[in-house]
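Novice: Submitted below is the structure of interest, expressed as structure tokens.
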Amino acid sequence: MKVIENTVVKSNTEIASGIWELVADSPKICSEYRGPGQFVSILPIDGWQHPLRRPMSIAAVKKSSLTIIYKIFGDVTSEFSKLQKGDNLNMLGPIGNTFSGWDDSGYDPVLVGGGVGLAPILNLKNTCADNGIAVAVIIGARRGAEHFMDHDPDNGLWLTTDDGSLGAAGTVMPTLEDVIASLPNPRLFACGPEPMLEAVRDFSIAKGIPAELSVESYMACGIELCQGCVIAKPNGQDKKNSYHERYSLVCADGPIYEAKDISFG
Amino acid sequence: MADITVTIGKHTFQNPVFAASGTFGYGLENPDLVDISAFGAIVTKSITRQPREGNPPPRIVETPSGMINSIGLSNIGVDKYVSDMAPKYADIGCPVIMNIAGSSEDEYCEIVEITESVNSNIIGYEVNISCPNVKHGGIEFGVNAELTESLTSKIRKRTGKLVIMKLSPNVTDIRSIAKAAEAGGADALSAINTVYGMSINPHTKKSEIYTTYGGLSGPAIKPVGLACVHKVSLAVDVPVIGIGGITSGKDAVEYILAGASAIQVGTANYRDPATGISILDDLKRYLAEQNIATVAEMIGMVETYES
């Protein structure tokens with residue numbers, strides 16, 4: 001069940017360059033939370049200047065505390081960064097489905113995150129750790145200052161940067177290929193910018209490796225009303241008259257999809 | 001307590017706050033978030049003769065105090081609608097107005113005939129002759145007075161339920177279209193549908209909507225909607241239902257003063273589908289504060305400098 005809740009900010013801190021972590025007391029949403037992959041939709045705090053809520057992945061849920069990680073993109077997220085302890089923040093959630101199969105002992109989970117797609121990957125990483133499941137994690141960023149974790153391949157955490165200033169230089173893909181080479185049954189979980197998801201999707205299909213992708217979509221509501229947050233399905237193009245065969249609604253069917261079930265661009 | 005009932009055609013509604021088409025799904029999506037029995041009525045998303053996928057993404061972009069959409073009438077089609085959705089309206093405690101869209105008179109008429117063939121809680125049709133986002137989705141009717149009158153009269157012949165024509169602001173003279181709809185036998189007119197808009201990303205240099213132009217909604221269009229409602233209400237005798245950027249009781253009052261007999265809440269539902277209920281509470285408070293006995297006596301009572 002989804003709820004709309006006036007949450008209370010507990011902390012709001014910059015954890016890397018332009019990347020913030022906000023923890024809110026949110027007992028109602030937390031009690032409905034089902035697992036990593038779900039998101040909340042947050043009301044801007046400037047009245048009606050910005051009418052639409054901002055969908056943001058849940059980075060952690062601990063008892064009644066809900067954590068999001070956000071990147072400053074524009075006016076709305078800039079305003080969020082000014083929130084102080086005790087301030088209210090109106091959230092709608094939890095929305096969407098969850099990553100699945102990460103707890104299947106037959107597989108070796110490999111988690112790939114980048115940019116704003118960090119939050120659900122971090123959530124899944126910590127949830128696996130809480131359940132004693134070993135995972136490999138690869139996190140990409142444009143530059144080192146955007147990372148807030150340590151490059152630590154011995155403990156299963158690889159960082160990459162486009163400019164080579166931290167960890168491996170380049171995108172996450174070469175590191176991903178290296179990492180899965182040593183795993184008997186890799187299963188991929190990814191969230192990040194569309195070019196990254198597309199690369200992971202194509203790679204997983206070519207190699208026959210199961211993969212779940214968490215996709216981003218512009219959405220006006222998050223509650224199946226606006227029909228705006230669609231992503232194309234690779235099949236179902238042929239019928240002249242159809243509904244929901246060519247496009248999937250991310251707020252209702254996603255945000256987590258098997259790689260083979262969606263197409264980009 | 002003030003009398004907040006309003007009458008449109010042969011129907012009396014418990015209050016003048018309706019949910020607008022395309023912003024409230026089929027009315028059944030979010031029972032946990034909103035008690036729809038509190039609304040005067042709900043208007044469904046547009047139903048077409050055949051199911052429609054809608055337009056490719058991007059379909060939505062936020063703009064200053066508004067948003068542009070180009071969904072493209074994505075819907076399940078009338079056959080599935082009457083078999084799967086209409087029966088669920090039996091217990092919702094709220095009258096349903098079915099919004100319909102077509103690319104020809106025949107299509108509109110077939111949708112009405114199919115719907116008339118089943119028993120349901122649907123009390124009327126809001127006829128979309130104003131969707132800006134599909135090539136053949138009604139706008140060709142809504143910009144032409146003759147076609148509007150002809151379509152209205154054909155639908156009128158096929159139903160005893162309410163016939164409400166939904167007008168576009170994207171016309172030279174909305175009054176001429178309004179009069180044509182009235183002449184065709186409409187029970188009421190709703191105004192306005194979205195306003196043509198465009199948004200460009202200066203970094204990527206791309207249009208932010210797949211179909212280039214879309215429909216602007218939200219508080220940004222409230223003054224446009226108010227002016228249209230005022231003009232239309234002076235031009236016709238049938239009731240006008242006001243739509244466009246309504247987010248508060250104050251907005252609803254302004255529309256009623258401009259000439260609206262009822263109002264529809266649209267874009268605000270995306271933030272919170274229960275916005276209409278808070279608008280209704282605001283409206284009741286306003287009536288009490290102003291010592292106004294009925295909503296009906298407020299309709300069109302705006303004072304203007306020129307008469």
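Residues in the structure tokens are numbered from 1 in each chain, the chains being A, B, ... in the order shown, and ligands are numbered from 1 in the order shown.
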Dump as a PyMOL selection string the residues of chain B that approach chain A to within 6 Å, counting only C-alpha atoms.

Specialist: chain B and resi 23-25+51-53+59-60+64-65+76+270

Novice: Taking only region 6-179 of chain A into account, list the residues labelled strand (DSSP E) by DSSP (computed from the backbone), as a ChimeraX atom specification.

Specialist: /A:6-16,19-25,39-42,54-62,65-71,88-95,108-114,136-141,157-161,168-169

Novice: I need the residues in region 22-193 of chain B that are helix (DSSP H, G or I) according to DSSP; give them as an MDAnalysis selection string.

Specialist: chainID B and resid 36:38 78:91 105:116 139:142 145:158 174:183

Novice: Env of region 91-106 of chain B: 7 Å cut, atoms = only C-alpha atoms, seq-sep filter 3 positions within chain, self excluded. Answer as number ranges by chain.

Specialist: B: 21, 36-37, 39-49, 88, 109-110, 121-129, 136-138, 151

Novice: Quick one: pull the distance between CA of Asn133 (chain B) and CA of Pro57 (chain B), Å, one decimal.

Specialist: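 CA of Pro57 (chain B) lies 12.6 Å from CA of Asn133 (chain B).
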
Novice: For the atom pair CA of Ala19 (chain B) and CA of Ser70 (chain B), what is the interatomic distance in Å to one decimal place?

Specialist: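 Between these atoms lies a distance of 19.3 Å.
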
Novice: Excluding Asp178 (chain A) and any residue of its chain fewer than 2 positions from it, enumerate the residues within 12 Å of it, using only C-alpha atoms, and give them as a PyMOL selection string.

Specialist: chain A and resi 110+136+138+153+158+168+172-176+180-183+186

Novice: May I have the residues from that selection written out with N, CA, C and O atoms, as a PDB file, in the first residue's frame?

Specialist:
```pdb
ATOM      1  N   VAL A 110      26.175  -9.550  -8.657  1.00  0.00           N
ATOM      2  CA  VAL A 110      27.095  -8.471  -9.021  1.00  0.00           C
ATOM      3  C   VAL A 110      26.263  -7.202  -9.167  1.00  0.00           C
ATOM      4  O   VAL A 110      25.334  -7.154  -9.982  1.00  0.00           O
ATOM      5  N   ALA A 136      29.633  -8.713  -5.263  1.00  0.00           N
ATOM      6  CA  ALA A 136      30.616  -7.825  -5.881  1.00  0.00           C
ATOM      7  C   ALA A 136      29.890  -6.546  -6.266  1.00  0.00           C
ATOM      8  O   ALA A 136      28.773  -6.603  -6.784  1.00  0.00           O
ATOM      9  N   ILE A 138      30.220  -2.690  -8.153  1.00  0.00           N
ATOM     10  CA  ILE A 138      30.990  -1.798  -9.026  1.00  0.00           C
ATOM     11  C   ILE A 138      30.233  -0.487  -9.125  1.00  0.00           C
ATOM     12  O   ILE A 138      29.063  -0.467  -9.514  1.00  0.00           O
ATOM     13  N   PRO A 153      38.902  -3.525  -3.889  1.00  0.00           N
ATOM     14  CA  PRO A 153      38.600  -4.772  -4.609  1.00  0.00           C
ATOM     15  C   PRO A 153      38.748  -6.020  -3.739  1.00  0.00           C
ATOM     16  O   PRO A 153      37.999  -6.991  -3.935  1.00  0.00           O
ATOM     17  N   TRP A 158      34.555  -2.247  -6.239  1.00  0.00           N
ATOM     18  CA  TRP A 158      35.364  -1.591  -7.275  1.00  0.00           C
ATOM     19  C   TRP A 158      34.759  -0.232  -7.607  1.00  0.00           C
ATOM     20  O   TRP A 158      33.552  -0.131  -7.837  1.00  0.00           O
ATOM     21  N   ALA A 168      39.386   2.350 -11.162  1.00  0.00           N
ATOM     22  CA  ALA A 168      39.713   2.044 -12.554  1.00  0.00           C
ATOM     23  C   ALA A 168      39.223   3.155 -13.475  1.00  0.00           C
ATOM     24  O   ALA A 168      38.146   3.705 -13.256  1.00  0.00           O
ATOM     25  N   VAL A 172      32.013   1.514 -16.149  1.00  0.00           N
ATOM     26  CA  VAL A 172      31.945   0.310 -15.309  1.00  0.00           C
ATOM     27  C   VAL A 172      32.126  -0.973 -16.125  1.00  0.00           C
ATOM     28  O   VAL A 172      32.417  -2.036 -15.561  1.00  0.00           O
ATOM     29  N   MET A 173      31.996  -0.894 -17.448  1.00  0.00           N
ATOM     30  CA  MET A 173      31.908  -2.124 -18.241  1.00  0.00           C
ATOM     31  C   MET A 173      33.181  -2.982 -18.239  1.00  0.00           C
ATOM     32  O   MET A 173      33.084  -4.206 -18.036  1.00  0.00           O
ATOM     33  N   PRO A 174      34.389  -2.409 -18.457  1.00  0.00           N
ATOM     34  CA  PRO A 174      35.583  -3.270 -18.414  1.00  0.00           C
ATOM     35  C   PRO A 174      35.748  -3.952 -17.051  1.00  0.00           C
ATOM     36  O   PRO A 174      36.107  -5.134 -16.974  1.00  0.00           O
ATOM     37  N   THR A 175      35.470  -3.210 -15.983  1.00  0.00           N
ATOM     38  CA  THR A 175      35.572  -3.792 -14.635  1.00  0.00           C
ATOM     39  C   THR A 175      34.543  -4.903 -14.464  1.00  0.00           C
ATOM     40  O   THR A 175      34.842  -5.965 -13.895  1.00  0.00           O
ATOM     41  N   LEU A 176      33.340  -4.662 -14.981  1.00  0.00           N
ATOM     42  CA  LEU A 176      32.295  -5.689 -14.886  1.00  0.00           C
ATOM     43  C   LEU A 176      32.741  -6.982 -15.584  1.00  0.00           C
ATOM     44  O   LEU A 176      32.572  -8.082 -15.034  1.00  0.00           O
ATOM     45  N   ILE A 180      33.143 -10.559 -13.472  1.00  0.00           N
ATOM     46  CA  ILE A 180      32.319 -11.766 -13.679  1.00  0.00           C
ATOM     47  C   ILE A 180      33.137 -12.948 -14.202  1.00  0.00           C
ATOM     48  O   ILE A 180      32.719 -14.097 -14.083  1.00  0.00           O
ATOM     49  N   ALA A 181      34.331 -12.644 -14.771  1.00  0.00           N
ATOM     50  CA  ALA A 181      35.169 -13.731 -15.294  1.00  0.00           C
ATOM     51  C   ALA A 181      35.503 -14.755 -14.211  1.00  0.00           C
ATOM     52  O   ALA A 181      35.693 -15.943 -14.500  1.00  0.00           O
ATOM     53  N   SER A 182      35.566 -14.294 -12.951  1.00  0.00           N
ATOM     54  CA  SER A 182      35.959 -15.206 -11.872  1.00  0.00           C
ATOM     55  C   SER A 182      34.754 -15.784 -11.131  1.00  0.00           C
ATOM     56  O   SER A 182      34.918 -16.499 -10.147  1.00  0.00           O
ATOM     57  N   LEU A 183      33.546 -15.471 -11.590  1.00  0.00           N
ATOM     58  CA  LEU A 183      32.348 -15.942 -10.864  1.00  0.00           C
ATOM     59  C   LEU A 183      31.646 -17.044 -11.652  1.00  0.00           C
ATOM     60  O   LEU A 183      31.402 -16.896 -12.851  1.00  0.00           O
ATOM     61  N   PRO A 186      27.195 -15.594 -12.249  1.00  0.00           N
ATOM     62  CA  PRO A 186      26.868 -14.200 -11.934  1.00  0.00           C
ATOM     63  C   PRO A 186      25.414 -13.869 -12.242  1.00  0.00           C
ATOM     64  O   PRO A 186      24.812 -14.434 -13.154  1.00  0.00           O
TER      65      PRO A 186
END
```
